[in-house]
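Asks: So that you have it, the file is start28.txt, and it contains compact mmCIF, N, CA and C atoms:
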```
# COMPACT_ATOMS: atom_id res chain seq x y z
N MET F 29 1.95 1.10 7.37
CA MET F 29 2.76 0.48 6.35
C MET F 29 2.47 -1.01 6.36
N LYS F 30 2.37 -1.54 5.16
CA LYS F 30 2.11 -2.98 5.01
C LYS F 30 2.97 -3.49 3.85
N VAL F 31 3.61 -4.64 4.08
CA VAL F 31 4.39 -5.29 3.02
C VAL F 31 3.42 -6.06 2.14
N LEU F 32 3.55 -5.90 0.83
CA LEU F 32 2.70 -6.56 -0.15
C LEU F 32 3.54 -7.49 -1.03
N PRO F 33 2.88 -8.38 -1.76
CA PRO F 33 3.63 -9.25 -2.69
C PRO F 33 4.34 -8.45 -3.77
N ASP F 34 5.31 -9.09 -4.38
CA ASP F 34 6.02 -8.56 -5.54
C ASP F 34 6.84 -7.31 -5.21
N TYR F 35 7.44 -7.29 -4.02
CA TYR F 35 8.33 -6.20 -3.60
C TYR F 35 7.64 -4.85 -3.60
N ARG F 36 6.46 -4.85 -3.03
CA ARG F 36 5.68 -3.62 -2.93
C ARG F 36 5.34 -3.35 -1.47
N LEU F 37 5.07 -2.08 -1.19
CA LEU F 37 4.64 -1.64 0.13
C LEU F 37 3.41 -0.76 -0.02
N PHE F 38 2.53 -0.82 0.96
CA PHE F 38 1.45 0.15 1.05
C PHE F 38 1.79 1.05 2.24
N VAL F 39 1.74 2.35 2.03
CA VAL F 39 2.06 3.29 3.11
C VAL F 39 0.94 4.32 3.26
N ARG F 40 0.74 4.75 4.50
CA ARG F 40 -0.22 5.81 4.80
C ARG F 40 0.47 6.80 5.73
N PHE F 41 0.44 8.06 5.35
CA PHE F 41 1.06 9.12 6.15
C PHE F 41 0.05 9.71 7.12
N LEU F 42 0.53 10.41 8.12
CA LEU F 42 -0.32 10.95 9.17
C LEU F 42 -1.40 11.88 8.64
N ASP F 43 -1.14 12.56 7.53
CA ASP F 43 -2.14 13.48 6.97
C ASP F 43 -3.15 12.79 6.06
N GLY F 44 -3.07 11.45 5.97
CA GLY F 44 -4.03 10.70 5.16
C GLY F 44 -3.56 10.35 3.76
N VAL F 45 -2.47 10.95 3.30
CA VAL F 45 -1.91 10.59 1.99
C VAL F 45 -1.49 9.12 2.06
N GLU F 46 -1.90 8.36 1.06
CA GLU F 46 -1.56 6.94 1.04
C GLU F 46 -1.30 6.48 -0.39
N GLY F 47 -0.53 5.40 -0.49
CA GLY F 47 -0.23 4.86 -1.81
C GLY F 47 0.75 3.72 -1.72
N TYR F 48 1.36 3.42 -2.85
CA TYR F 48 2.20 2.23 -2.99
C TYR F 48 3.63 2.59 -3.34
N VAL F 49 4.54 1.77 -2.83
CA VAL F 49 5.96 1.86 -3.18
C VAL F 49 6.29 0.59 -3.94
N ASN F 50 6.77 0.74 -5.16
CA ASN F 50 7.13 -0.39 -6.01
C ASN F 50 8.64 -0.47 -6.12
N MET F 51 9.23 -1.52 -5.55
CA MET F 51 10.68 -1.60 -5.47
C MET F 51 11.32 -2.66 -6.34
N LYS F 52 10.54 -3.51 -6.99
CA LYS F 52 11.09 -4.66 -7.70
C LYS F 52 12.11 -4.27 -8.77
N GLN F 53 11.76 -3.32 -9.62
CA GLN F 53 12.66 -2.93 -10.71
C GLN F 53 14.00 -2.45 -10.14
N PHE F 54 13.96 -1.65 -9.10
CA PHE F 54 15.18 -1.15 -8.48
C PHE F 54 15.99 -2.26 -7.84
N LEU F 55 15.32 -3.13 -7.09
CA LEU F 55 16.05 -4.18 -6.36
C LEU F 55 16.78 -5.15 -7.28
N PHE F 56 16.25 -5.36 -8.46
CA PHE F 56 16.87 -6.30 -9.39
C PHE F 56 17.70 -5.61 -10.47
N SER F 57 18.03 -4.35 -10.23
CA SER F 57 18.87 -3.62 -11.18
C SER F 57 20.31 -3.60 -10.68
N ASP F 58 21.20 -3.15 -11.55
CA ASP F 58 22.61 -2.99 -11.19
C ASP F 58 22.82 -1.87 -10.19
N ARG F 59 21.82 -1.00 -10.02
CA ARG F 59 21.93 0.14 -9.12
C ARG F 59 21.50 -0.18 -7.69
N ALA F 60 21.07 -1.39 -7.42
CA ALA F 60 20.53 -1.74 -6.11
C ALA F 60 21.55 -1.59 -4.99
N GLY F 61 22.81 -1.86 -5.29
CA GLY F 61 23.85 -1.74 -4.27
C GLY F 61 23.52 -2.55 -3.02
N ILE F 62 23.62 -1.93 -1.86
CA ILE F 62 23.36 -2.63 -0.60
C ILE F 62 21.90 -3.08 -0.48
N PHE F 63 21.00 -2.42 -1.21
CA PHE F 63 19.59 -2.80 -1.19
C PHE F 63 19.35 -4.15 -1.86
N ALA F 64 20.33 -4.68 -2.58
CA ALA F 64 20.18 -6.00 -3.21
C ALA F 64 19.87 -7.07 -2.16
N LYS F 65 20.23 -6.83 -0.92
CA LYS F 65 19.91 -7.77 0.17
C LYS F 65 18.40 -7.97 0.30
N LEU F 66 17.63 -6.99 -0.15
CA LEU F 66 16.18 -7.08 -0.04
C LEU F 66 15.56 -7.94 -1.13
N ARG F 67 16.36 -8.48 -2.03
CA ARG F 67 15.84 -9.42 -3.03
C ARG F 67 15.32 -10.68 -2.34
N ASP F 68 15.87 -10.99 -1.19
CA ASP F 68 15.39 -12.12 -0.39
C ASP F 68 14.04 -11.71 0.20
N LEU F 69 12.99 -12.44 -0.18
CA LEU F 69 11.64 -12.05 0.25
C LEU F 69 11.47 -12.05 1.76
N GLU F 70 12.13 -12.95 2.45
CA GLU F 70 12.03 -12.97 3.91
C GLU F 70 12.61 -11.69 4.50
N THR F 71 13.74 -11.26 3.96
CA THR F 71 14.35 -10.01 4.43
C THR F 71 13.46 -8.82 4.07
N PHE F 72 12.94 -8.79 2.84
CA PHE F 72 12.07 -7.69 2.42
C PHE F 72 10.85 -7.59 3.33
N SER F 73 10.30 -8.72 3.71
CA SER F 73 9.08 -8.74 4.53
C SER F 73 9.33 -8.26 5.96
N ARG F 74 10.57 -8.03 6.33
CA ARG F 74 10.90 -7.57 7.68
C ARG F 74 10.88 -6.04 7.79
N ALA F 75 10.28 -5.38 6.83
CA ALA F 75 10.18 -3.92 6.86
C ALA F 75 9.39 -3.48 8.09
N THR F 76 9.86 -2.41 8.70
CA THR F 76 9.18 -1.80 9.85
C THR F 76 9.26 -0.29 9.70
N LEU F 77 8.56 0.41 10.56
CA LEU F 77 8.65 1.86 10.60
C LEU F 77 9.50 2.28 11.79
N VAL F 78 10.46 3.14 11.53
CA VAL F 78 11.31 3.70 12.58
C VAL F 78 11.32 5.21 12.38
N TYR F 79 10.74 5.93 13.32
CA TYR F 79 10.65 7.39 13.22
C TYR F 79 10.08 7.84 11.88
N GLY F 80 9.08 7.13 11.38
CA GLY F 80 8.40 7.50 10.15
C GLY F 80 9.05 7.04 8.87
N ALA F 81 10.16 6.33 8.96
CA ALA F 81 10.85 5.84 7.76
C ALA F 81 10.70 4.32 7.66
N VAL F 82 10.45 3.83 6.45
CA VAL F 82 10.43 2.39 6.21
C VAL F 82 11.88 1.91 6.35
N THR F 83 12.07 0.92 7.23
CA THR F 83 13.42 0.48 7.58
C THR F 83 13.49 -1.04 7.59
N TRP F 84 14.67 -1.54 7.21
CA TRP F 84 14.95 -2.98 7.25
C TRP F 84 16.17 -3.21 8.13
N PRO F 85 16.43 -4.47 8.47
CA PRO F 85 17.65 -4.77 9.22
C PRO F 85 18.89 -4.23 8.50
N GLU F 86 19.94 -4.06 9.23
CA GLU F 86 21.22 -3.55 8.73
C GLU F 86 21.12 -2.08 8.30
N GLU F 87 20.18 -1.37 8.93
CA GLU F 87 20.03 0.08 8.74
C GLU F 87 19.70 0.49 7.31
N LEU F 88 19.01 -0.34 6.58
CA LEU F 88 18.51 0.04 5.25
C LEU F 88 17.20 0.78 5.44
N ASP F 89 17.05 1.92 4.78
CA ASP F 89 15.78 2.64 4.89
C ASP F 89 15.52 3.45 3.63
N LEU F 90 14.28 3.90 3.52
CA LEU F 90 13.85 4.72 2.39
C LEU F 90 13.63 6.15 2.86
N ALA F 91 13.93 7.11 2.02
CA ALA F 91 13.74 8.52 2.35
C ALA F 91 12.25 8.85 2.40
N PRO F 92 11.73 9.15 3.58
CA PRO F 92 10.28 9.41 3.69
C PRO F 92 9.84 10.65 2.93
N ASP F 93 10.69 11.67 2.82
CA ASP F 93 10.30 12.89 2.11
C ASP F 93 10.08 12.63 0.62
N ALA F 94 11.02 11.92 0.00
CA ALA F 94 10.89 11.59 -1.43
C ALA F 94 9.68 10.70 -1.66
N MET F 95 9.48 9.73 -0.76
CA MET F 95 8.33 8.83 -0.87
C MET F 95 7.03 9.63 -0.79
N TYR F 96 6.94 10.52 0.16
CA TYR F 96 5.72 11.32 0.36
C TYR F 96 5.41 12.14 -0.88
N GLU F 97 6.40 12.84 -1.41
CA GLU F 97 6.16 13.71 -2.56
C GLU F 97 5.65 12.92 -3.76
N GLN F 98 6.26 11.78 -4.04
CA GLN F 98 5.85 10.97 -5.19
C GLN F 98 4.45 10.39 -4.99
N ILE F 99 4.18 9.90 -3.79
CA ILE F 99 2.87 9.31 -3.53
C ILE F 99 1.79 10.38 -3.53
N LYS F 100 2.08 11.53 -2.99
CA LYS F 100 1.09 12.62 -3.00
C LYS F 100 0.77 13.03 -4.44
N ALA F 101 1.77 13.04 -5.30
CA ALA F 101 1.57 13.47 -6.68
C ALA F 101 0.86 12.42 -7.53
N SER F 102 1.19 11.13 -7.33
CA SER F 102 0.66 10.13 -8.26
C SER F 102 0.09 8.87 -7.62
N GLY F 103 0.14 8.78 -6.29
CA GLY F 103 -0.39 7.61 -5.61
C GLY F 103 0.58 6.45 -5.53
N GLN F 104 1.77 6.64 -6.11
CA GLN F 104 2.77 5.58 -6.02
C GLN F 104 4.17 6.14 -6.21
N TRP F 105 5.12 5.38 -5.71
CA TRP F 105 6.54 5.71 -5.88
C TRP F 105 7.20 4.51 -6.49
N ASN F 106 7.62 4.65 -7.74
CA ASN F 106 8.29 3.56 -8.46
C ASN F 106 9.79 3.82 -8.41
N LEU F 107 10.48 3.03 -7.62
CA LEU F 107 11.93 3.16 -7.59
C LEU F 107 12.47 2.49 -8.85
N ASP F 108 13.14 3.28 -9.67
CA ASP F 108 13.61 2.79 -10.96
C ASP F 108 14.95 2.08 -10.84
N GLY F 109 15.18 1.18 -11.77
CA GLY F 109 16.43 0.44 -11.81
C GLY F 109 17.47 1.14 -12.63
```
If you convert what's in this file into structure tokens, what do you get?
Replies:
Amino acid sequence: MKVLPDYRLFVRFLDGVEGYVNMKQFLFSDRAGIFAKLRDLETFSRATLVYGAVTWPEELDLAPDAMYEQIKASGQWNLDG
């Protein structure tokens, strides 16, 4: 996993499936909820992997299963706002 500019991530799964997670639209929407904290680029850049899930401080994480399915199908996961 690598943090990229513009609220994006590059991820690679153990089976070789790889692609991008695009979070900007979601983070700046009314639906962001607690994830709005990730609008701060310093906080967003603190993404790490914990047991295979992309995780940020304060126990924010992304569902790896949903991410995998979308990336396997299209090479990217666009979290919508």
Asks: Can you list, as a list in words, every residue of chain F that DSSP puts in helix (DSSP H, G or I)?
Replies: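 Going through chain F, the helix (DSSP H, G or I) residues come out as Lys52, Gln53, Phe54, Leu55, Gly61, Ile62, Phe63, Ala64, Lys65, Leu66, Arg67, Leu69, Glu70, Thr71, Phe72, Pro85, Glu86, Glu87, Pro92, Asp93, Ala94, Met95, Tyr96, Glu97, Gln98, Ile99, Lys100, Ala101 and Ser102 of chain F.
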Asks: Could you write those residues out with N, CA and C atoms, as a JSON list (two decimals), in the coordinates of the input?
Replies:
```json
[["chain", "number", "residue", "atom", "x", "y", "z"],
["F", 52, "LYS", "N", 10.54, -3.51, -6.99],
["F", 52, "LYS", "CA", 11.09, -4.66, -7.70],
["F", 52, "LYS", "C", 12.11, -4.27, -8.77],
["F", 53, "GLN", "N", 11.76, -3.32, -9.62],
["F", 53, "GLN", "CA", 12.66, -2.93, -10.71],
["F", 53, "GLN", "C", 14.00, -2.45, -10.14],
["F", 54, "PHE", "N", 13.96, -1.65, -9.10],
["F", 54, "PHE", "CA", 15.18, -1.15, -8.48],
["F", 54, "PHE", "C", 15.99, -2.26, -7.84],
["F", 55, "LEU", "N", 15.32, -3.13, -7.09],
["F", 55, "LEU", "CA", 16.05, -4.18, -6.36],
["F", 55, "LEU", "C", 16.78, -5.15, -7.28],
["F", 61, "GLY", "N", 22.81, -1.86, -5.29],
["F", 61, "GLY", "CA", 23.85, -1.74, -4.27],
["F", 61, "GLY", "C", 23.52, -2.55, -3.02],
["F", 62, "ILE", "N", 23.62, -1.93, -1.86],
["F", 62, "ILE", "CA", 23.36, -2.63, -0.60],
["F", 62, "ILE", "C", 21.90, -3.08, -0.48],
["F", 63, "PHE", "N", 21.00, -2.42, -1.21],
["F", 63, "PHE", "CA", 19.59, -2.80, -1.19],
["F", 63, "PHE", "C", 19.35, -4.15, -1.86],
["F", 64, "ALA", "N", 20.33, -4.68, -2.58],
["F", 64, "ALA", "CA", 20.18, -6.00, -3.21],
["F", 64, "ALA", "C", 19.87, -7.07, -2.16],
["F", 65, "LYS", "N", 20.23, -6.83, -0.92],
["F", 65, "LYS", "CA", 19.91, -7.77, 0.17],
["F", 65, "LYS", "C", 18.40, -7.97, 0.30],
["F", 66, "LEU", "N", 17.63, -6.99, -0.15],
["F", 66, "LEU", "CA", 16.18, -7.08, -0.04],
["F", 66, "LEU", "C", 15.56, -7.94, -1.13],
["F", 67, "ARG", "N", 16.36, -8.48, -2.03],
["F", 67, "ARG", "CA", 15.84, -9.42, -3.03],
["F", 67, "ARG", "C", 15.32, -10.68, -2.34],
["F", 69, "LEU", "N", 12.99, -12.44, -0.18],
["F", 69, "LEU", "CA", 11.64, -12.05, 0.25],
["F", 69, "LEU", "C", 11.47, -12.05, 1.76],
["F", 70, "GLU", "N", 12.13, -12.95, 2.45],
["F", 70, "GLU", "CA", 12.03, -12.97, 3.91],
["F", 70, "GLU", "C", 12.61, -11.69, 4.50],
["F", 71, "THR", "N", 13.74, -11.26, 3.96],
["F", 71, "THR", "CA", 14.35, -10.01, 4.43],
["F", 71, "THR", "C", 13.46, -8.82, 4.07],
["F", 72, "PHE", "N", 12.94, -8.79, 2.84],
["F", 72, "PHE", "CA", 12.07, -7.69, 2.42],
["F", 72, "PHE", "C", 10.85, -7.59, 3.33],
["F", 85, "PRO", "N", 16.43, -4.47, 8.47],
["F", 85, "PRO", "CA", 17.65, -4.77, 9.22],
["F", 85, "PRO", "C", 18.89, -4.23, 8.50],
["F", 86, "GLU", "N", 19.94, -4.06, 9.23],
["F", 86, "GLU", "CA", 21.22, -3.55, 8.73],
["F", 86, "GLU", "C", 21.12, -2.08, 8.30],
["F", 87, "GLU", "N", 20.18, -1.37, 8.93],
["F", 87, "GLU", "CA", 20.03, 0.08, 8.74],
["F", 87, "GLU", "C", 19.70, 0.49, 7.31],
["F", 92, "PRO", "N", 11.73, 9.15, 3.58],
["F", 92, "PRO", "CA", 10.28, 9.41, 3.69],
["F", 92, "PRO", "C", 9.84, 10.65, 2.93],
["F", 93, "ASP", "N", 10.69, 11.67, 2.82],
["F", 93, "ASP", "CA", 10.30, 12.89, 2.11],
["F", 93, "ASP", "C", 10.08, 12.63, 0.62],
["F", 94, "ALA", "N", 11.02, 11.92, 0.00],
["F", 94, "ALA", "CA", 10.89, 11.59, -1.43],
["F", 94, "ALA", "C", 9.68, 10.70, -1.66],
["F", 95, "MET", "N", 9.48, 9.73, -0.76],
["F", 95, "MET", "CA", 8.33, 8.83, -0.87],
["F", 95, "MET", "C", 7.03, 9.63, -0.79],
["F", 96, "TYR", "N", 6.94, 10.52, 0.16],
["F", 96, "TYR", "CA", 5.72, 11.32, 0.36],
["F", 96, "TYR", "C", 5.41, 12.14, -0.88],
["F", 97, "GLU", "N", 6.40, 12.84, -1.41],
["F", 97, "GLU", "CA", 6.16, 13.71, -2.56],
["F", 97, "GLU", "C", 5.65, 12.92, -3.76],
["F", 98, "GLN", "N", 6.26, 11.78, -4.04],
["F", 98, "GLN", "CA", 5.85, 10.97, -5.19],
["F", 98, "GLN", "C", 4.45, 10.39, -4.99],
["F", 99, "ILE", "N", 4.18, 9.90, -3.79],
["F", 99, "ILE", "CA", 2.87, 9.31, -3.53],
["F", 99, "ILE", "C", 1.79, 10.38, -3.53],
["F", 100, "LYS", "N", 2.08, 11.53, -2.99],
["F", 100, "LYS", "CA", 1.09, 12.62, -3.00],
["F", 100, "LYS", "C", 0.77, 13.03, -4.44],
["F", 101, "ALA", "N", 1.77, 13.04, -5.30],
["F", 101, "ALA", "CA", 1.57, 13.47, -6.68],
["F", 101, "ALA", "C", 0.86, 12.42, -7.53],
["F", 102, "SER", "N", 1.19, 11.13, -7.33],
["F", 102, "SER", "CA", 0.66, 10.13, -8.26],
["F", 102, "SER", "C", 0.09, 8.87, -7.62]]
```
Asks: Name the closest residue to Leu55 (chain F) among the candidates F:Met29, F:Ala75, F:Leu107, F:Ala101; distances are taken between atoms, counting all atoms listed in the file.
Replies: F:Leu107
Asks: So the first atom is atom C of Ser73 (chain F) and the second is atom N of Val31 (chain F); what is the distance between them in Å, to one decimal place?
Replies: 7.0 Å
Asks: Which residue gives the smallest distance to Val82 (chain F) among F:Asp34, F:Arg67, F:Asp58, F:Phe41, with only C-alpha atoms counted?
Replies: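 For Val82 (chain F), the nearest of the given residues is F:Phe41.
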Asks: Where in chain F does DSSP assign strand (DSSP E), given as JSON, numbers by chain?
Replies: {"F": [30, 31, 32, 36, 37, 38, 39, 40, 46, 47, 48, 49, 50, 76, 77, 78, 81, 82, 83, 84, 88, 89, 104, 105, 106]}
Asks: Quick one: pull the distance between CA of Phe56 (chain F) and CA of Thr71 (chain F), Å, one decimal.
Replies: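 Going from CA of Phe56 (chain F) over to CA of Thr71 (chain F) covers 14.5 Å.
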Asks: Calculate, to one decimal in Å, the centre and edge lengths of the box along x, y and z of the file that holds all listed atoms of region 59-73 of chain F with 3 Å of margin on each side, and present them as AutoDock Vina command-line options.
Replies:
```
--center_x 16.5 --center_y -6.4 --center_z -2.0 --size_x 20.8 --size_y 19.1 --size_z 22.0
```
Asks: Out of F:Leu77, F:Leu66, F:Leu88, F:Met51, which residue has the shortest atom-to-atom distance to Lys30 (chain F) when counting only C-alpha atoms?
Replies: F:Leu77
Asks: So which one's closest to Pro85 (chain F), F:Glu70, F:Asp108, F:Glu97, F:Glu46? Using only C-alpha atoms, please.
Replies: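 Under the stated criterion, the closest residue is F:Glu70.
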Asks: If you measure from CA of Ala91 (chain F) to CA of Tyr79 (chain F), what distance in Å do you get, rounded to one decimal?
Replies: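 Value for the CA of Ala91 (chain F)-CA of Tyr79 (chain F) distance: 11.4 Å.
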Asks: Nearest to Lys100 (chain F): which of F:Glu86, F:Arg74, F:Phe54, F:Arg40 is it, counting only C-alpha atoms?
Replies: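 With only C-alpha atoms as the atom set, the closest residue is F:Arg40.
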Asks: Rank F:Leu32, F:Lys65, F:Ala60, F:Val39 by their smallest atom-to-atom distance to Gly80 (chain F), using only C-alpha atoms, and report the top residue only.
Replies: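 For Gly80 (chain F), the nearest of the given residues is F:Val39.
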Asks: Just want the 9 Å neighbourhood of Gly47 (chain F), counted on only C-alpha atoms, with same-chain residues fewer than 3 positions away dropped. Output as number ranges by chain.
Replies: F: 37-40, 99-100, 102-105
